[in-house]
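structure-v9.tsv (TSV, C-alpha atoms and all ligand atoms) appears below.
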chain	number	residue	atom	x	y	z
X	112	MET	CA	111.43	108.54	64.60
X	113	THR	CA	107.72	107.68	64.45
X	114	SER	CA	105.96	104.85	62.68
X	115	ASN	CA	102.30	104.75	61.68
X	116	ALA	CA	102.38	100.96	61.62
X	117	LEU	CA	101.78	100.50	65.35
X	118	MET	CA	98.30	99.98	66.79
X	119	ASN	CA	97.34	103.14	68.66
X	120	THR	CA	97.23	101.54	72.13
X	121	TYR	CA	99.75	103.85	73.77
X	122	GLY	CA	98.81	107.14	72.10
X	123	GLN	CA	101.45	109.64	71.08
X	124	ARG	CA	104.78	108.92	72.73
X	125	ALA	CA	107.19	111.77	73.23
X	126	LEU	CA	110.54	110.03	73.74
X	127	SER	CA	112.52	107.33	71.96
X	128	LEU	CA	114.79	105.72	74.53
X	129	VAL	CA	117.68	103.87	72.98
X	130	LYS	CA	120.20	103.14	75.72
X	131	GLY	CA	120.34	102.58	79.48
X	132	GLU	CA	122.98	102.12	82.13
X	133	GLY	CA	122.32	101.98	85.87
X	134	ALA	CA	119.77	104.65	86.81
X	135	HIS	CA	120.16	106.55	83.53
X	136	VAL	CA	118.67	106.23	80.07
X	137	TRP	CA	119.41	108.15	76.86
X	138	ASP	CA	117.10	109.17	74.03
X	139	ASP	CA	117.84	109.05	70.29
X	140	GLN	CA	119.07	112.65	70.46
X	141	GLY	CA	121.72	111.70	73.03
X	142	LYS	CA	119.91	113.40	75.95
X	143	GLN	CA	120.42	111.73	79.35
X	144	TYR	CA	117.57	111.15	81.85
X	145	LEU	CA	117.56	110.12	85.50
X	146	ASP	CA	115.11	107.22	85.54
X	147	ALA	CA	112.83	107.40	88.60
X	148	LEU	CA	110.36	104.96	87.05
X	149	ALA	CA	112.55	101.97	86.08
X	150	GLY	CA	110.25	100.89	83.24
X	151	ILE	CA	107.34	101.05	85.75
X	152	ALA	CA	108.94	98.99	88.55
X	153	VAL	CA	110.71	96.64	86.15
X	154	CYS	CA	114.45	97.42	86.12
X	155	GLY	CA	115.06	97.23	89.87
X	156	LEU	CA	118.78	96.61	89.30
X	157	GLY	CA	118.94	99.52	86.88
X	158	HIS	CA	119.59	99.22	83.17
X	159	ALA	CA	122.09	96.82	81.60
X	160	HIS	CA	123.07	95.27	84.92
X	161	PRO	CA	126.21	93.18	84.23
X	162	ALA	CA	124.97	90.10	86.15
X	163	VAL	CA	121.72	90.00	84.17
X	164	THR	CA	123.45	90.72	80.87
X	165	ALA	CA	125.93	87.89	81.53
X	166	ALA	CA	123.11	85.45	82.39
X	167	ILE	CA	121.14	86.37	79.26
X	168	THR	CA	124.22	86.14	77.05
X	169	ALA	CA	125.34	82.78	78.45
X	170	GLN	CA	121.87	81.27	78.10
X	171	ALA	CA	121.34	82.75	74.61
X	172	SER	CA	124.51	81.11	73.37
X	173	THR	CA	123.50	77.74	74.86
X	174	LEU	CA	119.73	77.21	74.42
X	175	VAL	CA	117.25	79.99	73.63
X	176	HIS	CA	114.02	78.02	73.73
X	177	CYS	CA	112.85	74.64	74.84
X	178	SER	CA	109.23	73.54	75.11
X	179	ASN	CA	107.62	72.88	78.47
X	180	LEU	CA	107.32	69.29	77.20
X	181	TYR	CA	110.86	68.98	78.62
X	182	ASN	CA	112.55	69.83	81.89
X	183	ILE	CA	114.11	73.31	81.78
X	184	PRO	CA	117.01	73.46	84.29
X	185	ALA	CA	116.96	77.28	84.54
X	186	GLN	CA	113.20	77.16	85.29
X	187	GLU	CA	113.71	74.57	88.03
X	188	ALA	CA	116.56	76.54	89.60
X	189	LEU	CA	114.39	79.69	89.55
X	190	ALA	CA	111.44	77.84	91.11
X	191	ASP	CA	113.66	76.55	93.93
X	192	LYS	CA	115.08	80.03	94.52
X	193	LEU	CA	111.63	81.66	94.60
X	194	SER	CA	110.33	78.96	96.89
X	195	ALA	CA	113.18	79.61	99.34
X	196	LEU	CA	112.64	83.39	99.18
X	197	SER	CA	108.85	83.29	99.49
X	198	GLY	CA	107.93	80.33	101.67
X	199	MET	CA	105.53	79.28	98.87
X	200	SER	CA	105.76	75.74	97.51
X	201	ASN	CA	104.80	75.51	93.81
X	202	MET	CA	104.92	77.99	90.97
X	203	PHE	CA	103.85	78.47	87.36
X	204	PHE	CA	105.87	80.75	85.07
X	205	SER	CA	104.22	83.14	82.63
X	206	ASN	CA	105.41	85.91	80.29
X	207	SER	CA	103.65	88.83	81.97
X	208	GLY	CA	101.81	90.00	85.06
X	209	ALA	CA	98.36	89.61	83.52
X	210	GLU	CA	99.13	86.01	82.63
X	211	ALA	CA	100.34	85.29	86.17
X	212	ASN	CA	97.00	86.68	87.38
X	213	GLU	CA	95.09	84.51	84.89
X	214	ALA	CA	96.73	81.49	86.51
X	215	ALA	CA	95.68	82.75	89.97
X	216	ILE	CA	92.07	83.27	88.82
X	217	LYS	CA	92.01	79.75	87.36
X	218	ILE	CA	93.32	78.32	90.66
X	219	ALA	CA	90.52	80.11	92.55
X	220	ARG	CA	87.93	78.65	90.17
X	221	LEU	CA	89.37	75.14	90.61
X	222	HIS	CA	89.19	75.69	94.37
X	223	GLY	CA	85.49	76.55	94.05
X	224	HIS	CA	84.58	73.72	91.71
X	225	ALA	CA	86.35	71.24	93.99
X	226	GLN	CA	83.72	72.21	96.59
X	227	GLY	CA	80.80	71.95	94.15
X	228	ILE	CA	80.46	75.75	93.70
X	229	GLU	CA	79.27	76.28	90.13
X	230	LEU	CA	79.79	80.05	89.89
X	231	PRO	CA	83.00	80.55	91.87
X	232	THR	CA	83.33	84.25	92.69
X	233	ILE	CA	86.43	86.20	93.67
X	234	ILE	CA	86.27	89.36	95.78
X	235	VAL	CA	88.37	92.12	94.19
X	236	ALA	CA	88.93	95.77	95.13
X	237	GLU	CA	87.82	99.11	93.78
X	238	GLN	CA	90.70	100.98	92.06
X	239	ALA	CA	92.55	97.67	91.63
X	240	PHE	CA	94.65	97.01	88.55
X	241	HIS	CA	95.26	93.41	87.54
X	242	GLY	CA	95.97	93.59	83.80
X	243	ARG	CA	94.45	93.88	80.32
X	244	THR	CA	93.39	90.34	79.39
X	245	LEU	CA	89.64	89.78	79.56
X	246	ALA	CA	89.64	88.09	82.97
X	247	THR	CA	92.18	90.46	84.52
X	248	LEU	CA	90.50	93.60	83.15
X	249	SER	CA	87.24	92.29	84.60
X	250	ALA	CA	89.01	91.92	87.97
X	251	THR	CA	90.36	95.47	87.60
X	252	GLY	CA	88.40	98.13	89.50
X	253	ASN	CA	88.55	100.92	86.94
X	254	ARG	CA	85.68	101.69	84.56
X	255	LYS	CA	88.06	103.12	81.96
X	256	VAL	CA	89.80	99.75	81.66
X	257	HIS	CA	86.44	97.96	81.16
X	258	ALA	CA	84.89	100.41	78.71
X	259	GLY	CA	84.35	98.96	75.24
X	260	PHE	CA	85.30	95.43	76.24
X	261	GLU	CA	82.02	94.28	77.74
X	262	PRO	CA	80.71	91.70	78.37
X	263	LEU	CA	83.07	91.36	81.30
X	264	VAL	CA	84.09	87.97	82.61
X	265	ARG	CA	81.73	86.85	85.39
X	266	GLY	CA	82.76	85.67	88.81
X	267	PHE	CA	84.07	88.86	90.44
X	268	SER	CA	82.48	90.82	93.28
X	269	ARG	CA	83.90	94.23	94.16
X	270	ALA	CA	84.57	95.74	97.58
X	271	PRO	CA	86.12	99.09	98.54
X	272	PHE	CA	89.89	98.72	99.11
X	273	ASP	CA	91.04	98.51	102.73
X	274	ASP	CA	87.55	97.72	104.03
X	275	ILE	CA	87.48	94.37	105.78
X	276	ASP	CA	83.85	94.83	106.88
X	277	ALA	CA	82.72	95.27	103.28
X	278	ILE	CA	84.42	91.98	102.38
X	279	ARG	CA	82.84	90.26	105.37
X	280	ALA	CA	79.41	91.57	104.30
X	281	ILE	CA	79.82	90.27	100.74
X	282	GLY	CA	80.76	86.88	102.18
X	283	GLU	CA	77.60	86.81	104.37
X	284	ASN	CA	75.38	87.30	101.33
X	285	ASN	CA	77.16	85.28	98.67
X	286	PRO	CA	77.81	81.55	99.16
X	287	ASN	CA	79.80	81.46	95.90
X	288	ILE	CA	82.81	83.39	97.23
X	289	VAL	CA	85.99	81.33	96.91
X	290	ALA	CA	88.83	83.84	97.19
X	291	VAL	CA	89.93	87.40	97.92
X	292	PHE	CA	92.35	88.90	95.38
X	293	VAL	CA	94.02	92.25	96.16
X	294	GLU	CA	97.23	94.21	95.71
X	295	PRO	CA	98.89	94.72	99.12
X	296	ILE	CA	99.49	98.33	98.00
X	297	GLN	CA	97.56	99.56	94.98
X	298	GLY	CA	100.00	100.86	92.35
X	299	GLU	CA	98.07	102.08	89.30
X	300	GLY	CA	95.20	103.03	91.64
X	301	GLY	CA	97.38	105.77	93.21
X	302	ILE	CA	99.85	104.17	95.70
X	303	ASN	CA	97.03	103.33	98.11
X	304	ILE	CA	98.39	101.86	101.34
X	305	PRO	CA	95.88	99.99	103.52
X	306	ALA	CA	95.72	99.94	107.34
X	307	PRO	CA	98.67	98.07	108.87
X	308	ASP	CA	96.48	95.12	109.95
X	309	TYR	CA	94.55	94.77	106.64
X	310	LEU	CA	96.49	91.76	105.31
X	311	GLN	CA	96.38	89.96	108.65
X	312	GLN	CA	92.65	90.55	108.89
X	313	LEU	CA	92.19	89.25	105.36
X	314	ARG	CA	94.26	86.19	106.25
X	315	SER	CA	92.09	85.32	109.25
X	316	LEU	CA	88.84	85.99	107.38
X	317	CYS	CA	89.97	83.74	104.50
X	318	ASP	CA	90.99	81.04	107.02
X	319	ASP	CA	87.57	81.21	108.72
X	320	LYS	CA	85.68	81.03	105.46
X	321	GLY	CA	87.85	78.55	103.54
X	322	TRP	CA	88.61	81.20	100.89
X	323	LEU	CA	91.97	81.56	99.16
X	324	LEU	CA	93.93	84.70	99.98
X	325	MET	CA	95.51	85.75	96.68
X	326	LEU	CA	97.88	88.72	96.50
X	327	ASP	CA	98.85	90.57	93.34
X	328	GLU	CA	102.45	91.58	94.14
X	329	ILE	CA	103.31	92.37	90.53
X	330	GLN	CA	104.31	95.92	91.44
X	331	THR	CA	105.20	95.47	95.14
X	332	ALA	CA	107.50	92.40	95.08
X	333	ASN	CA	111.10	91.83	94.05
X	334	GLY	CA	112.44	93.98	96.89
X	335	ARG	CA	110.63	97.15	95.91
X	336	THR	CA	108.78	97.82	99.18
X	337	GLY	CA	111.65	96.88	101.49
X	338	THR	CA	111.25	93.10	101.73
X	339	PHE	CA	111.37	90.61	98.90
X	340	PHE	CA	107.57	90.24	99.00
X	341	HIS	CA	105.40	92.87	100.66
X	342	TYR	CA	103.40	90.26	102.65
X	343	GLN	CA	106.61	89.43	104.53
X	344	GLN	CA	106.18	92.73	106.44
X	345	HIS	CA	102.85	91.45	107.79
X	346	ASN	CA	103.84	87.97	108.98
X	347	ILE	CA	101.36	86.15	106.81
X	348	LEU	CA	101.59	83.65	103.98
X	349	PRO	CA	99.06	83.96	101.17
X	350	ASP	CA	97.67	80.91	99.36
X	351	VAL	CA	98.55	82.41	95.99
X	352	VAL	CA	100.80	85.33	95.07
X	353	THR	CA	101.60	86.71	91.63
X	354	ILE	CA	104.75	88.55	90.59
X	355	ALA	CA	106.22	89.88	87.32
X	356	LYS	CA	107.69	93.34	86.51
X	357	GLY	CA	110.98	93.40	88.49
X	358	LEU	CA	111.43	89.62	88.39
X	359	GLY	CA	113.49	89.51	85.18
X	360	ASN	CA	114.91	93.06	85.38
X	361	GLY	CA	113.42	93.66	81.92
X	362	MET	CA	113.16	90.14	80.48
X	363	PRO	CA	109.44	89.31	80.15
X	364	ILE	CA	108.58	86.88	82.94
X	365	GLY	CA	105.88	86.50	85.59
X	366	ALA	CA	105.04	83.82	88.11
X	367	CYS	CA	102.05	82.54	90.02
X	368	LEU	CA	103.24	81.09	93.34
X	369	SER	CA	100.98	78.83	95.37
X	370	HIS	CA	101.08	77.19	98.76
X	371	GLY	CA	99.13	74.66	100.82
X	372	PRO	CA	95.99	73.09	99.29
X	373	ALA	CA	95.99	75.77	96.54
X	374	ALA	CA	99.26	74.29	95.28
X	375	GLN	CA	97.61	70.93	94.59
X	376	LEU	CA	94.78	72.20	92.36
X	377	MET	CA	96.44	72.51	88.94
X	378	GLN	CA	96.86	69.15	87.21
X	379	PRO	CA	98.47	68.23	83.87
X	380	GLY	CA	96.42	69.67	81.03
X	381	ASN	CA	94.81	72.45	83.14
X	382	HIS	CA	97.19	75.23	82.18
X	383	GLY	CA	100.29	75.99	80.12
X	384	SER	CA	102.24	78.43	77.97
X	385	THR	CA	104.58	78.00	75.00
X	386	PHE	CA	107.04	80.64	76.20
X	387	GLY	CA	106.31	80.75	79.96
X	388	GLY	CA	109.39	79.76	81.93
X	389	ASN	CA	111.62	80.14	78.86
X	390	PRO	CA	115.33	79.43	79.58
X	391	ILE	CA	116.57	83.00	78.89
X	392	ALA	CA	113.85	84.68	80.96
X	393	CYS	CA	114.49	82.24	83.84
X	394	ALA	CA	118.27	82.71	83.70
X	395	ALA	CA	117.78	86.50	83.81
X	396	ALA	CA	115.33	86.21	86.71
X	397	LEU	CA	117.65	83.96	88.69
X	398	ALA	CA	120.51	86.43	88.23
X	399	THR	CA	118.17	89.26	89.29
X	400	LEU	CA	117.08	87.50	92.49
X	401	GLU	CA	120.65	86.52	93.39
X	402	THR	CA	121.78	90.13	92.92
X	403	ILE	CA	118.93	91.57	95.02
X	404	GLU	CA	119.85	89.12	97.77
X	405	ARG	CA	123.64	89.47	97.54
X	406	GLU	CA	123.54	93.28	97.50
X	407	ASN	CA	120.79	93.47	100.16
X	408	LEU	CA	118.75	95.68	97.83
X	409	ALA	CA	115.40	95.19	99.58
X	410	GLN	CA	116.90	96.79	102.70
X	411	ARG	CA	118.38	99.51	100.51
X	412	ALA	CA	114.90	100.18	99.08
X	413	SER	CA	113.53	100.48	102.60
X	414	ASP	CA	116.28	102.87	103.79
X	415	LEU	CA	116.25	105.04	100.68
X	416	GLY	CA	112.44	105.11	100.66
X	417	THR	CA	112.39	106.41	104.23
X	418	HIS	CA	114.98	109.06	103.30
X	419	LEU	CA	112.98	110.15	100.22
X	420	LEU	CA	109.68	110.39	102.14
X	421	LYS	CA	111.37	112.58	104.76
X	422	ALA	CA	113.06	114.76	102.16
X	423	PHE	CA	109.85	115.30	100.13
X	424	SER	CA	107.79	115.92	103.28
X	425	ALA	CA	110.26	118.54	104.55
X	426	ALA	CA	110.67	120.29	101.19
X	427	LEU	CA	106.93	120.34	100.41
X	428	ALA	CA	105.61	121.00	103.93
X	429	ASP	CA	104.33	124.48	103.04
X	430	CYS	CA	103.10	123.61	99.54
X	431	ASP	CA	99.30	123.66	99.62
X	432	LYS	CA	99.01	121.84	96.27
X	433	VAL	CA	100.33	118.70	97.97
X	434	LYS	CA	97.57	116.64	99.61
X	435	ASP	CA	99.62	113.67	100.76
X	436	ILE	CA	103.03	112.04	100.47
X	437	ARG	CA	103.10	108.29	101.06
X	438	GLY	CA	105.06	105.21	100.19
X	439	SER	CA	106.61	101.92	101.11
X	440	GLY	CA	110.25	101.42	100.20
X	441	LEU	CA	110.82	102.70	96.68
X	442	MET	CA	107.11	102.81	95.77
X	443	ILE	CA	106.23	106.42	96.44
X	444	GLY	CA	103.21	108.59	95.67
X	445	ILE	CA	102.89	112.36	95.94
X	446	GLU	CA	99.20	113.24	95.71
X	447	LEU	CA	98.38	116.74	94.44
X	448	SER	CA	95.06	118.51	94.85
X	449	GLU	CA	94.50	118.63	91.08
X	450	PRO	CA	95.26	116.53	87.97
X	451	CYS	CA	98.95	116.83	87.11
X	452	ALA	CA	99.71	114.65	84.06
X	453	GLU	CA	101.64	117.58	82.48
X	454	LEU	CA	104.35	117.14	85.10
X	455	VAL	CA	105.60	114.08	83.23
X	456	ALA	CA	106.63	116.21	80.23
X	457	SER	CA	108.05	119.04	82.36
X	458	ALA	CA	110.15	116.53	84.31
X	459	ALA	CA	111.39	114.90	81.08
X	460	ALA	CA	112.38	118.36	79.80
X	461	GLN	CA	114.61	118.60	82.89
X	462	GLY	CA	116.07	115.13	82.34
X	463	LEU	CA	113.91	113.21	84.83
X	464	LEU	CA	111.52	110.29	84.14
X	465	ILE	CA	108.47	110.05	86.45
X	466	ASN	CA	104.88	108.94	86.06
X	467	VAL	CA	101.47	110.25	87.09
X	468	THR	CA	98.73	107.77	87.95
X	469	ALA	CA	95.09	108.06	89.10
X	470	ALA	CA	95.13	111.59	87.53
X	471	ASN	CA	96.75	113.42	90.45
X	472	VAL	CA	99.35	111.11	92.01
X	473	ILE	CA	102.99	111.49	91.03
X	474	ARG	CA	104.35	107.94	91.11
X	475	LEU	CA	108.02	107.23	91.75
X	476	LEU	CA	109.47	103.75	91.28
X	477	PRO	CA	113.23	104.33	91.00
X	478	PRO	CA	115.64	101.41	90.61
X	479	LEU	CA	116.74	99.85	93.92
X	480	ILE	CA	120.35	100.74	93.02
X	481	PHE	CA	119.60	104.51	93.12
X	482	SER	CA	122.47	106.34	94.84
X	483	ASP	CA	122.03	108.92	97.62
X	484	GLN	CA	123.12	111.59	95.19
X	485	GLN	CA	120.59	110.47	92.56
X	486	ALA	CA	117.89	110.51	95.25
X	487	ASP	CA	118.81	114.10	96.15
X	488	GLN	CA	118.77	115.10	92.48
X	489	LEU	CA	115.27	113.57	92.14
X	490	VAL	CA	114.04	115.56	95.15
X	491	ASP	CA	115.58	118.82	93.89
X	492	ILE	CA	114.10	118.61	90.39
X	493	LEU	CA	110.67	117.36	91.43
X	494	VAL	CA	110.17	119.75	94.34
X	495	SER	CA	110.89	122.75	92.14
X	496	LEU	CA	108.51	121.43	89.45
X	497	ILE	CA	105.70	120.87	91.99
X	498	LYS	CA	106.21	124.31	93.52
X	499	ALA	CA	106.07	125.94	90.09
X	500	PHE	CA	103.02	123.88	88.97
N	1	LIG	C1	99.46	95.24	90.29
N	1	LIG	C2	99.55	94.88	88.84
N	1	LIG	N1	98.99	93.74	88.40
N	1	LIG	C3	99.07	93.37	87.11
N	1	LIG	C4	99.68	94.15	86.18
N	1	LIG	C5	99.74	93.70	84.73
N	1	LIG	O1	101.03	93.30	84.41
N	1	LIG	P1	101.47	93.17	82.86
N	1	LIG	O2	101.41	94.54	82.27
N	1	LIG	O3	102.85	92.58	82.91
N	1	LIG	O4	100.49	92.23	82.21
N	1	LIG	C6	100.27	95.35	86.58
N	1	LIG	C7	100.91	96.24	85.59
N	1	LIG	O5	101.04	97.42	85.78
N	1	LIG	C8	100.19	95.73	87.94
N	1	LIG	O6	100.75	96.87	88.39
Could you render the structure as structure tokens?
Amino acid sequence: MTSNALMNTYGQRALSLVKGEGAHVWDDQGKQYLDALAGIAVCGLGHAHPAVTAAITAQASTLVHCSNLYNIPAQEALADKLSALSGMSNMFFSNSGAEANEAAIKIARLHGHAQGIELPTIIVAEQAFHGRTLATLSATGNRKVHAGFEPLVRGFSRAPFDDIDAIRAIGENNPNIVAVFVEPIQGEGGINIPAPDYLQQLRSLCDDKGWLLMLDEIQTANGRTGTFFHYQQHNILPDVVTIAKGLGNGMPIGACLSHGPAAQLMQPGNHGSTFGGNPIACAAALATLETIERENLAQRASDLGTHLLKAFSAALADCDKVKDIRGSGLMIGIELSEPCAELVASAAAQGLLINVTAANVIRLLPPLIFSDQQADQLVDILVSLIKAF
């Protein structure tokens, strides 16, 4: 089934997915696929998870919407849960990752203006991806995302990723810097993992300079990289962290979490959203977090990720098309020596959903509930496709 009534933002799409259960989805022809992408890091609990379905159903039959003019009990319960999981103190709920990042950017600007800085400027990274709204695409470090949408929003200064000296140098020359905003691991940019001390170095630099450390954990959080938030592996606390994707296991919800002085900057009237923090999205997110915690799925992501990295490295050791295999938990990249977008269609033909990003990086983001047997099936299919490519 194809409709001409959609705006052409996603190009031609090959599959119509109509049903999902656990780590599998089915198309409109009844064909089954093993889903190693989870809606791009969204359905961490797999599809149609009973706990999330029950939470959505119960909330939908009680109260679907309620304005943020009123207290929303599900939103408050979710905020308390996230606060306990993250160590952050105050949060704002949005409908998407880009909107969570908009809130973060606004907090950084408030932080600058509070110090009399008229052109508050945020350091962002090359190859970063922060979203498609005007401010977040301006923060994004990819020319293709900017093209056609100029003029870009001002107030961003770009440094190479994983280069603390470059950030220090920008700070020496620009008195308007108020924050550093990076992904702890770049997702769309190609699963780029920085040096192990990068986040700690950023934390101390931001402390020295009075800048906010803001992390975009939209792809890395919700258990995906082996801890609930990735920063928890580096013993630091950011001032601001944004999450979305896996938070609602498919219900549209994001959050901007803040801590310390950054948490005091937003005041009534500064920011808001009609749907952000909606009762159904919050009920689904709360059920998602409780399930990740109860079933210890962050640890599962860590263990299975280690197993998958070993299995791919062993099976592809003598394959000269493979430049690198890297990952953290269930966020895995296999970098080939040449562009490989066609692999997406060849994998789908074999009943496997994967993604290719940054032209030549096969990106795997399977659900955290992937079984050992499903992991082995993923390795078998993908290794043979790469070898034949
Ligand atoms: C790191 C990161 N930030 C922000 C976004 C934007 O999120 P959304 O598409 O929900 O607006 C994404 C989406 O891929 C992302 O990976």
Ligand LIG 1 (chain N): which residues are within 9 Å, counting all atoms listed in the file, as a PyMOL selection string?
chain X and resi 151-152+206-212+239-244+247+251+293-300+327-331+353-356+363-365
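For the set X:Gln343, X:His418, X:Leu496, X:Ile473, the residue with the smallest atom-to-atom gap to Ile443 in chain X is X:Ile473, counting all atoms listed in the file.
When CA of Asp276 in chain X is paired with CA of Ala219 in chain X, their separation reads 21.6 Å.
Proximity of X:Ala290, X:Met442, X:Ile302, X:Ile233 to Ala469 in chain X, computed with all atoms listed in the file, is greatest for X:Ile302.
CA of Gly133 in chain X is positioned 16.3 Å from CA of Ala395 in chain X.
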So which one's closest to Leu419 in chain X, X:Ser457, X:Thr402, X:Thr173, X:Gln485? Using only C-alpha atoms, please.
X:Gln485
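Each of X:Asp191, X:Ser200, X:Ala214, X:Asp138 was checked against His382 in chain X using only C-alpha atoms; the smallest atom-to-atom distance is that of X:Ala214.
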Using all atoms listed in the file, which residues of range 322-440 of chain X come within 7 Å of range 479-484 of chain X, and what is the closest atom pair for each, with the distance in Å to one decimal? Give it as a Markdown table, sorted by chain and residue number.
| residue | atom | partner | partner_atom | distance |
| --- | --- | --- | --- | --- |
| X:Arg335 | CA | X:Leu479 | CA | 7.0 |
| X:Leu408 | CA | X:Leu479 | CA | 6.1 |
| X:Arg411 | CA | X:Leu479 | CA | 6.8 |
| X:Ala412 | CA | X:Leu479 | CA | 5.5 |
Could you write out that same residue set with C-alpha atoms as a compact mmCIF listing (two decimals), keeping the file's coordinate frame?
# COMPACT_ATOMS: atom_id res chain seq x y z
CA ARG X 335 110.63 97.15 95.91
CA LEU X 408 118.75 95.68 97.83
CA ARG X 411 118.38 99.51 100.51
CA ALA X 412 114.90 100.18 99.08
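With all atoms listed in the file as the basis for measurement, X:Gly131 is the residue among X:Gly387, X:Gly131, X:Pro372, X:Pro305 that approaches His158 in chain X most closely.
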As AutoDock Vina command-line options, what would the box around range 462-477 of chain X look like: edges along x, y and z, 5 Å added on every side, centre and edge lengths in Å to one decimal?
--center_x 105.6 --center_y 109.4 --center_z 87.2 --size_x 31.0 --size_y 21.4 --size_z 19.7
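The gap separating CA of Cys317 in chain X from CA of Glu237 in chain X is 18.9 Å, in Å to one decimal.
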In terms of all atoms listed in the file, the residue from X:Ala116, X:Ala246, X:Ala134, X:Met325 at minimal distance from Arg265 in chain X is X:Ala246
Mind checking which residues fall within 12 Å of range 424-430 of chain X, counting all atoms listed in the file, ignoring those fewer than 3 positions away in the same chain, and posting them as a list in words?
Thr417, His418, Leu419, Leu420, Lys421, Val433, Lys434, Asp435, Ile436, Arg437, Gly438, Ile443, Gly444, Ile445, Glu446, Leu447, Ser448, Asp487, Val490, Asp491, Ile492, Leu493, Val494, Ser495, Leu496, Ile497, Lys498, Ala499 and Phe500 of chain X
Using only C-alpha atoms, which residues sit within 7 Å of Phe267 in chain X once same-chain residues fewer than 6 positions away are excluded, as a ChimeraX atom specification?
/X:232-235,250
Which residues are close to Ser178 in chain X, i.e. within 8 Å by all atoms listed in the file, leaving aside same-chain residues fewer than 2 positions away? Reply as an NGL selection string.
:X and (176 or 180-181 or 385-386 or 389)
Next, the residues of the selection above should be written as an mmCIF file, keeping the file's coordinate frame with C-alpha atoms.
data_model
loop_
_atom_site.group_PDB
_atom_site.id
_atom_site.type_symbol
_atom_site.label_atom_id
_atom_site.label_comp_id
_atom_site.auth_asym_id
_atom_site.auth_seq_id
_atom_site.Cartn_x
_atom_site.Cartn_y
_atom_site.Cartn_z
ATOM 1 C CA HIS X 176 114.020 78.020 73.730
ATOM 2 C CA LEU X 180 107.320 69.290 77.200
ATOM 3 C CA TYR X 181 110.860 68.980 78.620
ATOM 4 C CA THR X 385 104.580 78.000 75.000
ATOM 5 C CA PHE X 386 107.040 80.640 76.200
ATOM 6 C CA ASN X 389 111.620 80.140 78.860
#
Within 12 Å of Ala460 in chain X, counting only C-alpha atoms, which residues qualify if same-chain residues fewer than 2 places away don't, as number ranges by chain?
X: 125-126, 138, 142-145, 453-458, 462-465, 492-493, 496
Counting only C-alpha atoms, which residues have an atom no more than 6 Å from (97.4, 116.3, 86.9) in the file's coordinates? Please list them as a PyMOL selection string.
chain X and resi 449-452+470-471
So that I can look at just that part, could you write range 161-173 of chain X with N, CA and C atoms, as a short mmCIF file (atom, residue, chain, number, x, y, z; two decimals), in the first residue's frame?
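selection14.cif written:
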data_model
loop_
_atom_site.label_atom_id
_atom_site.label_comp_id
_atom_site.auth_asym_id
_atom_site.auth_seq_id
_atom_site.Cartn_x
_atom_site.Cartn_y
_atom_site.Cartn_z
N PRO X 161 3.63 -6.49 27.39
CA PRO X 161 2.36 -6.50 28.14
C PRO X 161 2.29 -5.42 29.23
N ALA X 162 3.41 -5.11 29.90
CA ALA X 162 3.35 -4.11 30.98
C ALA X 162 3.04 -2.73 30.42
N VAL X 163 3.61 -2.43 29.24
CA VAL X 163 3.38 -1.11 28.64
C VAL X 163 1.96 -1.05 28.06
N THR X 164 1.55 -2.14 27.42
CA THR X 164 0.19 -2.18 26.87
C THR X 164 -0.83 -2.00 27.98
N ALA X 165 -0.62 -2.67 29.12
CA ALA X 165 -1.57 -2.56 30.23
C ALA X 165 -1.60 -1.12 30.77
N ALA X 166 -0.43 -0.49 30.87
CA ALA X 166 -0.39 0.89 31.39
C ALA X 166 -1.10 1.85 30.43
N ILE X 167 -0.87 1.66 29.13
CA ILE X 167 -1.52 2.54 28.15
C ILE X 167 -3.04 2.34 28.20
N THR X 168 -3.45 1.08 28.24
CA THR X 168 -4.88 0.76 28.22
C THR X 168 -5.58 1.32 29.46
N ALA X 169 -4.95 1.12 30.62
CA ALA X 169 -5.58 1.59 31.86
C ALA X 169 -5.69 3.11 31.84
N GLN X 170 -4.63 3.80 31.40
CA GLN X 170 -4.67 5.26 31.39
C GLN X 170 -5.67 5.76 30.33
N ALA X 171 -5.71 5.09 29.17
CA ALA X 171 -6.61 5.53 28.09
C ALA X 171 -8.06 5.41 28.50
N SER X 172 -8.36 4.46 29.38
CA SER X 172 -9.77 4.31 29.77
C SER X 172 -10.09 5.17 30.99
N THR X 173 -9.09 5.94 31.48
CA THR X 173 -9.33 6.79 32.66
C THR X 173 -9.30 8.27 32.29
#
